[in-house]
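A.B. asks: Have a peek at query.cif (mmCIF, C-alpha atoms).
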```cif
data_query
#
loop_
_atom_site.group_PDB
_atom_site.id
_atom_site.type_symbol
_atom_site.label_atom_id
_atom_site.label_comp_id
_atom_site.auth_asym_id
_atom_site.auth_seq_id
_atom_site.Cartn_x
_atom_site.Cartn_y
_atom_site.Cartn_z
ATOM 1 C CA MET A 120 116.429 16.314 78.552
ATOM 2 C CA CYS A 121 113.378 17.445 80.427
ATOM 3 C CA CYS A 122 112.619 20.062 77.814
ATOM 4 C CA LYS A 123 113.083 17.524 75.050
ATOM 5 C CA SER A 124 110.660 15.141 76.765
ATOM 6 C CA ARG A 125 108.151 17.939 77.163
ATOM 7 C CA GLN A 126 108.492 18.819 73.483
ATOM 8 C CA MET A 127 107.891 15.179 72.555
ATOM 9 C CA TYR A 128 104.821 15.117 74.834
ATOM 10 C CA VAL A 129 103.427 18.222 73.161
ATOM 11 C CA VAL A 130 104.048 16.728 69.716
ATOM 12 C CA ARG A 131 102.412 13.437 70.703
ATOM 13 C CA LYS A 132 99.466 15.275 72.219
ATOM 14 C CA GLY A 133 99.079 17.250 69.028
ATOM 15 C CA VAL A 134 99.206 14.096 66.937
ATOM 16 C CA TRP A 135 96.652 12.418 69.210
ATOM 17 C CA SER A 136 94.326 15.398 68.903
ATOM 18 C CA VAL A 137 94.583 15.257 65.121
ATOM 19 C CA MET A 138 93.883 11.520 65.213
ATOM 20 C CA ASN A 139 90.847 12.074 67.443
ATOM 21 C CA CYS A 140 89.521 14.634 64.976
ATOM 22 C CA GLN A 141 90.067 12.233 62.096
ATOM 23 C CA VAL A 142 88.264 9.443 63.945
ATOM 24 C CA MET A 143 85.345 11.725 64.789
ATOM 25 C CA LEU A 144 85.188 12.904 61.176
ATOM 26 C CA LEU A 145 85.223 9.298 59.947
ATOM 27 C CA LEU A 146 82.412 8.343 62.355
ATOM 28 C CA ALA A 147 80.391 11.341 61.192
ATOM 29 C CA VAL A 148 80.817 10.314 57.538
ATOM 30 C CA VAL A 149 79.870 6.701 58.321
ATOM 31 C CA TRP A 150 76.745 7.821 60.178
ATOM 32 C CA MET A 151 75.788 10.166 57.344
ATOM 33 C CA PHE A 152 75.664 7.216 54.942
ATOM 34 C CA CYS A 153 74.353 4.698 57.443
ATOM 35 C CA GLU A 154 71.529 6.745 58.930
ATOM 36 C CA PRO A 155 69.163 6.599 55.913
ATOM 37 C CA PHE A 156 69.732 2.842 55.631
ATOM 38 C CA CYS A 157 69.204 2.318 59.343
ATOM 39 C CA SER A 158 66.049 4.398 59.190
ATOM 40 C CA GLU A 159 64.822 2.343 56.216
ATOM 41 C CA VAL A 160 65.484 -0.909 58.049
ATOM 42 C CA SER A 161 63.658 0.426 61.075
ATOM 43 C CA ALA A 162 60.729 1.416 58.870
ATOM 44 C CA GLN A 163 60.727 -2.022 57.246
ATOM 45 C CA ASP A 164 60.753 -3.707 60.619
ATOM 46 C CA HIS A 165 57.798 -1.588 61.650
ATOM 47 C CA ASN A 166 56.032 -2.365 58.354
ATOM 48 C CA CYS A 167 56.242 -6.100 59.085
ATOM 49 C CA THR A 168 53.221 -5.618 61.343
ATOM 50 C CA ALA A 169 51.187 -4.514 58.328
ATOM 51 C CA ILE A 170 52.594 -7.288 56.146
ATOM 52 C CA HIS A 171 51.685 -9.904 58.763
ATOM 53 C CA ALA A 172 48.170 -8.447 58.947
ATOM 54 C CA MET A 173 47.890 -8.771 55.151
ATOM 55 C CA ALA A 174 48.872 -12.432 55.411
ATOM 56 C CA GLN A 175 46.328 -12.889 58.173
ATOM 57 C CA MET A 176 43.670 -11.385 55.900
ATOM 58 C CA VAL A 177 44.423 -14.121 53.381
ATOM 59 C CA ARG A 178 43.934 -16.664 56.162
ATOM 60 C CA ALA A 179 40.693 -15.056 57.391
ATOM 61 C CA ASN A 180 37.652 -17.319 57.337
ATOM 62 C CA SER A 181 34.955 -14.678 57.827
ATOM 63 C CA ILE A 182 34.145 -11.140 56.716
ATOM 64 C CA ALA A 183 34.187 -9.974 60.342
ATOM 65 C CA GLU A 184 37.705 -11.309 60.853
ATOM 66 C CA LEU A 185 38.800 -9.801 57.555
ATOM 67 C CA ASP A 186 37.429 -6.366 58.464
ATOM 68 C CA THR A 187 39.237 -6.402 61.802
ATOM 69 C CA LEU A 188 42.574 -7.171 60.146
ATOM 70 C CA LYS A 189 42.051 -4.523 57.469
ATOM 71 C CA THR A 190 42.715 -1.747 59.974
ATOM 72 C CA VAL A 191 46.051 -3.250 61.015
ATOM 73 C CA ALA A 192 47.124 -3.901 57.405
ATOM 74 C CA GLY A 193 47.183 -0.184 56.694
ATOM 75 C CA ASP A 194 46.064 2.083 53.886
ATOM 76 C CA SER A 195 48.424 1.016 51.086
ATOM 77 C CA HIS A 196 47.185 0.140 47.592
ATOM 78 C CA ARG A 197 48.562 -3.373 48.080
ATOM 79 C CA ALA A 198 46.686 -3.855 51.369
ATOM 80 C CA HIS A 199 43.415 -2.709 49.790
ATOM 81 C CA GLY A 200 43.984 -5.089 46.895
ATOM 82 C CA VAL A 201 44.614 -8.049 49.179
ATOM 83 C CA TYR A 202 41.498 -7.184 51.161
ATOM 84 C CA ALA A 203 39.362 -6.909 48.026
ATOM 85 C CA LEU A 204 40.576 -10.223 46.640
ATOM 86 C CA ARG A 205 40.076 -12.121 49.892
ATOM 87 C CA ARG A 206 36.693 -10.437 50.420
ATOM 88 C CA PHE A 207 35.565 -11.784 47.057
ATOM 89 C CA GLU A 208 36.981 -15.245 47.783
ATOM 90 C CA LEU A 209 34.884 -15.416 50.944
ATOM 91 C CA GLU A 210 31.722 -14.426 49.044
ATOM 92 C CA PRO A 211 32.289 -15.276 45.357
ATOM 93 C CA SER A 212 28.656 -14.602 44.406
ATOM 94 C CA ASP A 213 28.730 -11.012 45.696
ATOM 95 C CA HIS A 214 28.511 -8.662 42.695
ATOM 96 C CA ALA A 215 29.772 -5.654 44.660
ATOM 97 C CA ALA A 216 32.818 -7.597 45.862
ATOM 98 C CA ALA A 217 33.451 -8.815 42.309
ATOM 99 C CA ASN A 218 33.259 -5.286 40.961
ATOM 100 C CA THR A 219 35.733 -4.054 43.579
ATOM 101 C CA VAL A 220 38.211 -6.819 42.730
ATOM 102 C CA LEU A 221 38.062 -5.858 39.052
ATOM 103 C CA THR A 222 38.992 -2.258 39.874
ATOM 104 C CA PHE A 223 42.357 -3.630 41.015
ATOM 105 C CA ILE A 224 43.183 -5.060 37.582
ATOM 106 C CA PRO A 225 46.637 -3.613 36.797
ATOM 107 C CA ARG A 226 46.828 -1.289 33.821
ATOM 108 C CA THR A 227 50.613 -1.074 33.709
ATOM 109 C CA GLU A 228 53.551 -3.353 34.443
ATOM 110 C CA ALA A 229 54.377 -1.171 37.445
ATOM 111 C CA GLU A 230 50.921 -1.785 38.918
ATOM 112 C CA ASP A 231 51.268 -5.491 38.153
ATOM 113 C CA SER A 232 54.542 -5.621 40.089
ATOM 114 C CA GLU A 233 52.588 -4.687 43.230
ATOM 115 C CA TRP A 234 51.038 -8.151 43.020
ATOM 116 C CA LEU A 235 54.115 -10.001 41.831
ATOM 117 C CA LEU A 236 56.121 -8.680 44.787
ATOM 118 C CA LEU A 237 53.822 -10.577 47.146
ATOM 119 C CA ALA A 238 56.026 -13.594 46.433
ATOM 120 C CA THR A 239 59.125 -11.715 47.642
ATOM 121 C CA PRO A 240 60.142 -10.509 51.122
ATOM 122 C CA LEU A 241 58.223 -7.307 51.793
ATOM 123 C CA CYS A 242 59.984 -6.374 55.021
ATOM 124 C CA THR A 243 63.204 -7.187 56.858
ATOM 125 C CA ASN A 244 61.866 -9.870 59.178
ATOM 126 C CA GLU A 245 58.888 -11.157 57.199
ATOM 127 C CA GLU A 246 57.855 -14.648 58.241
ATOM 128 C CA ILE A 247 58.337 -17.317 55.577
ATOM 129 C CA ALA A 248 54.791 -18.562 56.161
ATOM 130 C CA ASP A 249 53.427 -15.052 55.510
ATOM 131 C CA LYS A 250 55.361 -14.745 52.262
ATOM 132 C CA GLN A 251 54.062 -18.126 51.132
ATOM 133 C CA VAL A 252 50.420 -17.383 51.892
ATOM 134 C CA LEU A 253 50.624 -14.022 50.079
ATOM 135 C CA ALA A 254 52.283 -15.692 47.088
ATOM 136 C CA GLU A 255 49.478 -18.267 47.027
ATOM 137 C CA LEU A 256 46.915 -15.473 46.927
ATOM 138 C CA ASP A 257 48.634 -13.987 43.896
ATOM 139 C CA SER A 258 48.690 -17.396 42.183
ATOM 140 C CA ARG A 259 44.904 -17.624 42.678
ATOM 141 C CA ARG A 260 44.338 -14.159 41.236
ATOM 142 C CA PRO A 261 43.799 -15.231 37.583
ATOM 143 C CA HIS A 262 41.065 -17.641 38.726
ATOM 144 C CA ASP A 263 39.467 -15.035 40.997
ATOM 145 C CA LEU A 264 39.470 -12.383 38.267
ATOM 146 C CA ALA A 265 37.874 -14.844 35.848
ATOM 147 C CA MET A 266 35.096 -15.543 38.339
ATOM 148 C CA ALA A 267 34.656 -11.838 39.061
ATOM 149 C CA VAL A 268 34.362 -10.731 35.429
ATOM 150 C CA SER A 269 31.839 -13.496 34.773
ATOM 151 C CA LEU A 270 29.668 -11.787 37.406
ATOM 152 C CA VAL A 271 30.435 -8.276 36.164
ATOM 153 C CA PRO A 272 30.948 -8.526 32.363
ATOM 154 C CA ASP A 273 30.863 -4.726 32.101
ATOM 155 C CA LYS A 274 34.549 -4.891 33.089
ATOM 156 C CA MET A 275 35.383 -7.322 30.272
ATOM 157 C CA PHE A 276 37.535 -4.875 28.302
ATOM 158 C CA ASP A 277 39.744 -4.221 31.345
ATOM 159 C CA TYR A 278 39.959 -7.970 31.908
ATOM 160 C CA ILE A 279 40.940 -8.672 28.285
ATOM 161 C CA SER A 280 43.425 -5.796 28.180
ATOM 162 C CA TYR A 281 45.298 -7.056 31.222
ATOM 163 C CA ALA A 282 46.074 -10.385 29.533
ATOM 164 C CA GLU A 283 48.944 -8.808 27.596
ATOM 165 C CA ILE A 284 50.667 -7.891 30.883
ATOM 166 C CA ALA A 285 49.617 -10.962 32.858
ATOM 167 C CA VAL A 286 51.085 -13.547 30.496
ATOM 168 C CA GLN A 287 54.516 -11.922 30.746
ATOM 169 C CA ASN A 288 54.725 -13.782 34.032
ATOM 170 C CA ILE A 289 55.800 -17.192 32.741
ATOM 171 C CA GLN A 290 54.077 -18.907 35.665
ATOM 172 C CA SER A 291 50.712 -17.243 35.135
ATOM 173 C CA ASP A 292 47.742 -19.292 33.937
ATOM 174 C CA TYR A 293 45.775 -16.156 33.094
ATOM 175 C CA ALA A 294 45.108 -17.181 29.487
ATOM 176 C CA GLU A 295 43.931 -20.632 30.550
ATOM 177 C CA GLN A 296 41.521 -19.093 33.076
ATOM 178 C CA MET A 297 40.086 -16.964 30.273
ATOM 179 C CA GLU A 298 38.716 -20.069 28.565
ATOM 180 C CA GLY A 299 35.820 -20.398 31.011
ATOM 181 C CA VAL A 300 35.026 -16.686 30.724
ATOM 182 C CA CYS A 301 35.053 -16.900 26.933
ATOM 183 C CA ARG A 302 32.604 -19.799 26.961
ATOM 184 C CA SER A 303 30.210 -18.405 29.582
ATOM 185 C CA LYS A 304 30.246 -14.784 28.354
ATOM 186 C CA HIS A 305 31.152 -15.316 24.726
ATOM 187 C CA THR A 306 29.367 -12.294 23.273
ATOM 188 C CA GLU A 307 30.869 -9.893 25.808
ATOM 189 C CA PHE A 308 34.262 -11.539 25.376
ATOM 190 C CA ILE A 309 34.266 -11.177 21.573
ATOM 191 C CA ASP A 310 33.081 -7.558 21.838
ATOM 192 C CA ALA A 311 35.915 -6.718 24.237
ATOM 193 C CA VAL A 312 38.528 -8.278 21.954
ATOM 194 C CA SER A 313 37.166 -6.307 19.003
ATOM 195 C CA GLN A 314 37.718 -3.072 20.954
ATOM 196 C CA LEU A 315 41.461 -3.660 21.272
ATOM 197 C CA PRO A 316 43.684 -1.475 19.052
ATOM 198 C CA ALA A 317 44.544 -3.280 15.817
ATOM 199 C CA THR A 318 48.151 -4.169 16.693
ATOM 200 C CA ARG A 319 47.243 -5.365 20.185
ATOM 201 C CA LYS A 320 44.288 -7.341 18.873
ATOM 202 C CA LYS A 321 46.539 -9.059 16.329
ATOM 203 C CA TRP A 322 49.040 -9.988 19.064
ATOM 204 C CA PHE A 323 46.256 -11.157 21.394
ATOM 205 C CA ILE A 324 44.753 -13.515 18.810
ATOM 206 C CA ALA A 325 48.117 -14.775 17.560
ATOM 207 C CA LYS A 326 49.955 -15.279 20.838
ATOM 208 C CA ILE A 327 47.612 -15.142 23.821
ATOM 209 C CA PHE A 328 44.118 -16.413 23.069
ATOM 210 C CA ASN A 329 41.922 -17.679 20.250
ATOM 211 C CA PRO A 330 38.530 -16.069 20.999
ATOM 212 C CA ASP A 331 36.617 -17.978 18.322
ATOM 213 C CA GLY A 332 37.492 -21.352 19.790
ATOM 214 C CA CYS A 333 37.883 -20.072 23.374
ATOM 215 C CA HIS A 334 41.326 -21.630 23.417
ATOM 216 C CA ALA A 335 44.378 -20.387 25.347
ATOM 217 C CA LEU A 336 47.604 -20.002 23.397
ATOM 218 C CA ALA A 337 49.795 -18.759 26.263
ATOM 219 C CA HIS A 338 50.444 -21.351 28.960
ATOM 220 C CA PRO A 339 52.440 -21.263 32.196
ATOM 221 C CA GLU A 340 55.858 -22.890 32.107
ATOM 222 C CA ALA A 341 56.350 -25.928 34.314
ATOM 223 C CA GLU A 342 58.368 -25.192 37.443
#
```
Have the structure of the file written as structure tokens, please.
C.D. replies:
Amino acid sequence: MCCKSRQMYVVRKGVWSVMNCQVMLLLAVVWMFCEPFCSEVSAQDHNCTAIHAMAQMVRANSIAELDTLKTVAGDSHRAHGVYALRRFELEPSDHAAANTVLTFIPRTEAEDSEWLLLATPLCTNEEIADKQVLAELDSRRPHDLAMAVSLVPDKMFDYISYAEIAVQNIQSDYAEQMEGVCRSKHTEFIDAVSQLPATRKKWFIAKIFNPDGCHALAHPEAE
């Protein structure tokens, strides 16, 4: 009986050892898949500091305050774009600031998404107020770009070219903002339109903007 009990103990011990190995293997597999995600979340949490600084830049009321926050916001393309746009908003008659803003005109849909994502959560614990203020900056962008290109008409072709991408956002008033630019810089505006490739020019005139009458054809949809 004693031997039988001992045999049962050995069997149970062996089974327990196998179970321990299985549990350890399962934990290792779970960690293997979880670790990249956990690292990403940690990185996002850390990045919230930069995102908050970007939102604070939008709230800045002076160049000095803006410059201080720029360091905290980091060296990303998005952070530089937010800085440039707010810098111009604080001094809308500054030609250098206007020129810098116009260098951030997206040339592809991927570049445009950098701006559109301002209206979405950019990090795990982003404050709702920060997301809102960044989204508001993006909504002002068509107006700011119109003001900037009126100061620096040398960038008119880039400004005109972007319209095709901008109006894909159904809430964008980009075409409507172009009306003032067309009227104030009509010669430069017409010249820029004429430089568009034939198919794009045809689409621009038919669907986006009537340059002869300075009249927008693409309008934002009501929310």
A.B. asks: Evaluate the PyMOL selection byres ((chain A and resi 257-264) around 8) against this structure - the residues, as a PyMOL selection string, please.
C.D. replies: chain A and resi 204+207-208+220-221+234-235+237-238+253-256+265-268+278+291-293+296
A.B. asks: On this structure, the PyMOL selection byres ((chain A and resi 294) around 9) would catch which residues? List them as a short mmCIF file (atom, residue, chain, number, x, y, z; two decimals) with C-alpha atoms, in the frame of the given file, sorted by chain and number.
C.D. replies:
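Heads up, here's the output in expr21.cif:
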```cif
data_model
loop_
_atom_site.label_atom_id
_atom_site.label_comp_id
_atom_site.auth_asym_id
_atom_site.auth_seq_id
_atom_site.Cartn_x
_atom_site.Cartn_y
_atom_site.Cartn_z
CA PRO A 261 43.80 -15.23 37.58
CA ALA A 282 46.07 -10.38 29.53
CA ALA A 285 49.62 -10.96 32.86
CA VAL A 286 51.08 -13.55 30.50
CA SER A 291 50.71 -17.24 35.14
CA ASP A 292 47.74 -19.29 33.94
CA TYR A 293 45.78 -16.16 33.09
CA GLU A 295 43.93 -20.63 30.55
CA GLN A 296 41.52 -19.09 33.08
CA MET A 297 40.09 -16.96 30.27
CA GLU A 298 38.72 -20.07 28.56
CA ILE A 327 47.61 -15.14 23.82
CA PHE A 328 44.12 -16.41 23.07
CA HIS A 334 41.33 -21.63 23.42
CA ALA A 335 44.38 -20.39 25.35
CA LEU A 336 47.60 -20.00 23.40
CA ALA A 337 49.80 -18.76 26.26
CA HIS A 338 50.44 -21.35 28.96
CA PRO A 339 52.44 -21.26 32.20
#
```
A.B. asks: Which distance in Å separates CA of Asp231 (chain A) and CA of Met176 (chain A), to one decimal?
C.D. replies: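 Distance between the two atoms: 20.2 Å.
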A.B. asks: Care to translate the PyMOL selection byres ((chain A and resi 274) around 12) into actual residues of this file, as a ChimeraX atom specification?
C.D. replies: /A:214,217-224,264-273,275-281,304,307-308,310-311
A.B. asks: Just give me the gap between CA of Ala174 (chain A) and CA of Pro225 (chain A) in Å, one decimal is fine.
C.D. replies: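 Atom-to-atom, CA of Ala174 (chain A) to CA of Pro225 (chain A), that is 20.7 Å.
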A.B. asks: Taking (45.5, -12.2, 53.1) in the file's own coordinates, collect the residues within 7 Å, counting only C-alpha atoms, and hand them back as a PyMOL selection string.
C.D. replies: chain A and resi 173-178+201-202+205+253
A.B. asks: In Å to one decimal, how far is CA of Trp322 (chain A) from CA of Ile309 (chain A)?
C.D. replies: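 CA of Ile309 (chain A) sits 15.0 Å away from CA of Trp322 (chain A).
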A.B. asks: Find, counting all atoms listed in the file, the residue in A:Ala183, A:Ile284, A:Ala203, A:Val252 that gets nearest to Thr227 (chain A).
C.D. replies: A:Ile284
A.B. asks: Generate the missing atoms of region 302-332 of chain A up to N, CA and C atoms and report them as a PDB file, in the frame of the given file.
C.D. replies:
```pdb
ATOM      1  N   ARG A 302      33.737 -18.912  27.237  1.00  0.00           N
ATOM      2  CA  ARG A 302      32.604 -19.799  26.961  1.00  0.00           C
ATOM      3  C   ARG A 302      31.316 -19.298  27.624  1.00  0.00           C
ATOM      4  N   SER A 303      31.423 -18.807  28.854  1.00  0.00           N
ATOM      5  CA  SER A 303      30.210 -18.405  29.582  1.00  0.00           C
ATOM      6  C   SER A 303      29.708 -17.022  29.184  1.00  0.00           C
ATOM      7  N   LYS A 304      30.610 -16.149  28.758  1.00  0.00           N
ATOM      8  CA  LYS A 304      30.246 -14.784  28.354  1.00  0.00           C
ATOM      9  C   LYS A 304      30.826 -14.497  26.960  1.00  0.00           C
ATOM     10  N   HIS A 305      30.489 -15.364  26.036  1.00  0.00           N
ATOM     11  CA  HIS A 305      31.152 -15.316  24.726  1.00  0.00           C
ATOM     12  C   HIS A 305      30.905 -14.003  23.983  1.00  0.00           C
ATOM     13  N   THR A 306      29.685 -13.535  23.989  1.00  0.00           N
ATOM     14  CA  THR A 306      29.367 -12.294  23.273  1.00  0.00           C
ATOM     15  C   THR A 306      30.161 -11.123  23.836  1.00  0.00           C
ATOM     16  N   GLU A 307      30.134 -10.986  25.161  1.00  0.00           N
ATOM     17  CA  GLU A 307      30.869  -9.893  25.808  1.00  0.00           C
ATOM     18  C   GLU A 307      32.377 -10.030  25.576  1.00  0.00           C
ATOM     19  N   PHE A 308      32.838 -11.273  25.574  1.00  0.00           N
ATOM     20  CA  PHE A 308      34.262 -11.539  25.376  1.00  0.00           C
ATOM     21  C   PHE A 308      34.701 -11.101  23.972  1.00  0.00           C
ATOM     22  N   ILE A 309      33.949 -11.520  22.967  1.00  0.00           N
ATOM     23  CA  ILE A 309      34.266 -11.177  21.573  1.00  0.00           C
ATOM     24  C   ILE A 309      34.217  -9.667  21.368  1.00  0.00           C
ATOM     25  N   ASP A 310      33.209  -9.016  21.962  1.00  0.00           N
ATOM     26  CA  ASP A 310      33.081  -7.558  21.838  1.00  0.00           C
ATOM     27  C   ASP A 310      34.298  -6.847  22.438  1.00  0.00           C
ATOM     28  N   ALA A 311      34.762  -7.340  23.575  1.00  0.00           N
ATOM     29  CA  ALA A 311      35.915  -6.718  24.237  1.00  0.00           C
ATOM     30  C   ALA A 311      37.176  -6.875  23.398  1.00  0.00           C
ATOM     31  N   VAL A 312      37.358  -8.042  22.814  1.00  0.00           N
ATOM     32  CA  VAL A 312      38.528  -8.278  21.954  1.00  0.00           C
ATOM     33  C   VAL A 312      38.490  -7.348  20.749  1.00  0.00           C
ATOM     34  N   SER A 313      37.310  -7.157  20.191  1.00  0.00           N
ATOM     35  CA  SER A 313      37.166  -6.307  19.003  1.00  0.00           C
ATOM     36  C   SER A 313      37.498  -4.849  19.301  1.00  0.00           C
ATOM     37  N   GLN A 314      37.427  -4.458  20.562  1.00  0.00           N
ATOM     38  CA  GLN A 314      37.718  -3.072  20.954  1.00  0.00           C
ATOM     39  C   GLN A 314      39.213  -2.805  21.138  1.00  0.00           C
ATOM     40  N   LEU A 315      40.019  -3.851  21.136  1.00  0.00           N
ATOM     41  CA  LEU A 315      41.461  -3.660  21.272  1.00  0.00           C
ATOM     42  C   LEU A 315      42.012  -2.943  20.046  1.00  0.00           C
ATOM     43  N   PRO A 316      43.022  -2.086  20.222  1.00  0.00           N
ATOM     44  CA  PRO A 316      43.684  -1.475  19.052  1.00  0.00           C
ATOM     45  C   PRO A 316      44.185  -2.564  18.113  1.00  0.00           C
ATOM     46  N   ALA A 317      44.250  -2.276  16.838  1.00  0.00           N
ATOM     47  CA  ALA A 317      44.544  -3.280  15.817  1.00  0.00           C
ATOM     48  C   ALA A 317      45.801  -4.104  16.096  1.00  0.00           C
ATOM     49  N   THR A 318      46.901  -3.432  16.457  1.00  0.00           N
ATOM     50  CA  THR A 318      48.151  -4.169  16.693  1.00  0.00           C
ATOM     51  C   THR A 318      48.048  -5.064  17.921  1.00  0.00           C
ATOM     52  N   ARG A 319      47.394  -4.566  18.964  1.00  0.00           N
ATOM     53  CA  ARG A 319      47.243  -5.365  20.185  1.00  0.00           C
ATOM     54  C   ARG A 319      46.272  -6.521  19.960  1.00  0.00           C
ATOM     55  N   LYS A 320      45.236  -6.281  19.185  1.00  0.00           N
ATOM     56  CA  LYS A 320      44.288  -7.341  18.873  1.00  0.00           C
ATOM     57  C   LYS A 320      44.984  -8.462  18.089  1.00  0.00           C
ATOM     58  N   LYS A 321      45.816  -8.071  17.135  1.00  0.00           N
ATOM     59  CA  LYS A 321      46.539  -9.059  16.329  1.00  0.00           C
ATOM     60  C   LYS A 321      47.443  -9.913  17.215  1.00  0.00           C
ATOM     61  N   TRP A 322      48.150  -9.273  18.142  1.00  0.00           N
ATOM     62  CA  TRP A 322      49.040  -9.988  19.064  1.00  0.00           C
ATOM     63  C   TRP A 322      48.239 -10.901  19.991  1.00  0.00           C
ATOM     64  N   PHE A 323      47.114 -10.391  20.483  1.00  0.00           N
ATOM     65  CA  PHE A 323      46.256 -11.157  21.394  1.00  0.00           C
ATOM     66  C   PHE A 323      45.794 -12.450  20.738  1.00  0.00           C
ATOM     67  N   ILE A 324      45.298 -12.353  19.517  1.00  0.00           N
ATOM     68  CA  ILE A 324      44.753 -13.515  18.810  1.00  0.00           C
ATOM     69  C   ILE A 324      45.853 -14.481  18.366  1.00  0.00           C
ATOM     70  N   ALA A 325      47.031 -13.929  18.063  1.00  0.00           N
ATOM     71  CA  ALA A 325      48.117 -14.775  17.560  1.00  0.00           C
ATOM     72  C   ALA A 325      48.912 -15.452  18.661  1.00  0.00           C
ATOM     73  N   LYS A 326      49.044 -14.784  19.811  1.00  0.00           N
ATOM     74  CA  LYS A 326      49.955 -15.279  20.838  1.00  0.00           C
ATOM     75  C   LYS A 326      49.309 -15.594  22.197  1.00  0.00           C
ATOM     76  N   ILE A 327      48.175 -14.997  22.470  1.00  0.00           N
ATOM     77  CA  ILE A 327      47.612 -15.142  23.821  1.00  0.00           C
ATOM     78  C   ILE A 327      46.361 -16.013  23.855  1.00  0.00           C
ATOM     79  N   PHE A 328      45.414 -15.725  22.960  1.00  0.00           N
ATOM     80  CA  PHE A 328      44.118 -16.413  23.069  1.00  0.00           C
ATOM     81  C   PHE A 328      43.385 -16.411  21.733  1.00  0.00           C
ATOM     82  N   ASN A 329      42.774 -17.553  21.434  1.00  0.00           N
ATOM     83  CA  ASN A 329      41.922 -17.679  20.250  1.00  0.00           C
ATOM     84  C   ASN A 329      40.468 -17.511  20.698  1.00  0.00           C
ATOM     85  N   PRO A 330      39.881 -16.328  20.490  1.00  0.00           N
ATOM     86  CA  PRO A 330      38.530 -16.069  20.999  1.00  0.00           C
ATOM     87  C   PRO A 330      37.437 -16.867  20.291  1.00  0.00           C
ATOM     88  N   ASP A 331      37.641 -17.219  19.046  1.00  0.00           N
ATOM     89  CA  ASP A 331      36.617 -17.978  18.322  1.00  0.00           C
ATOM     90  C   ASP A 331      36.456 -19.378  18.903  1.00  0.00           C
ATOM     91  N   GLY A 332      37.570 -20.009  19.223  1.00  0.00           N
ATOM     92  CA  GLY A 332      37.492 -21.352  19.790  1.00  0.00           C
ATOM     93  C   GLY A 332      37.606 -21.387  21.306  1.00  0.00           C
TER      94      GLY A 332
END
```
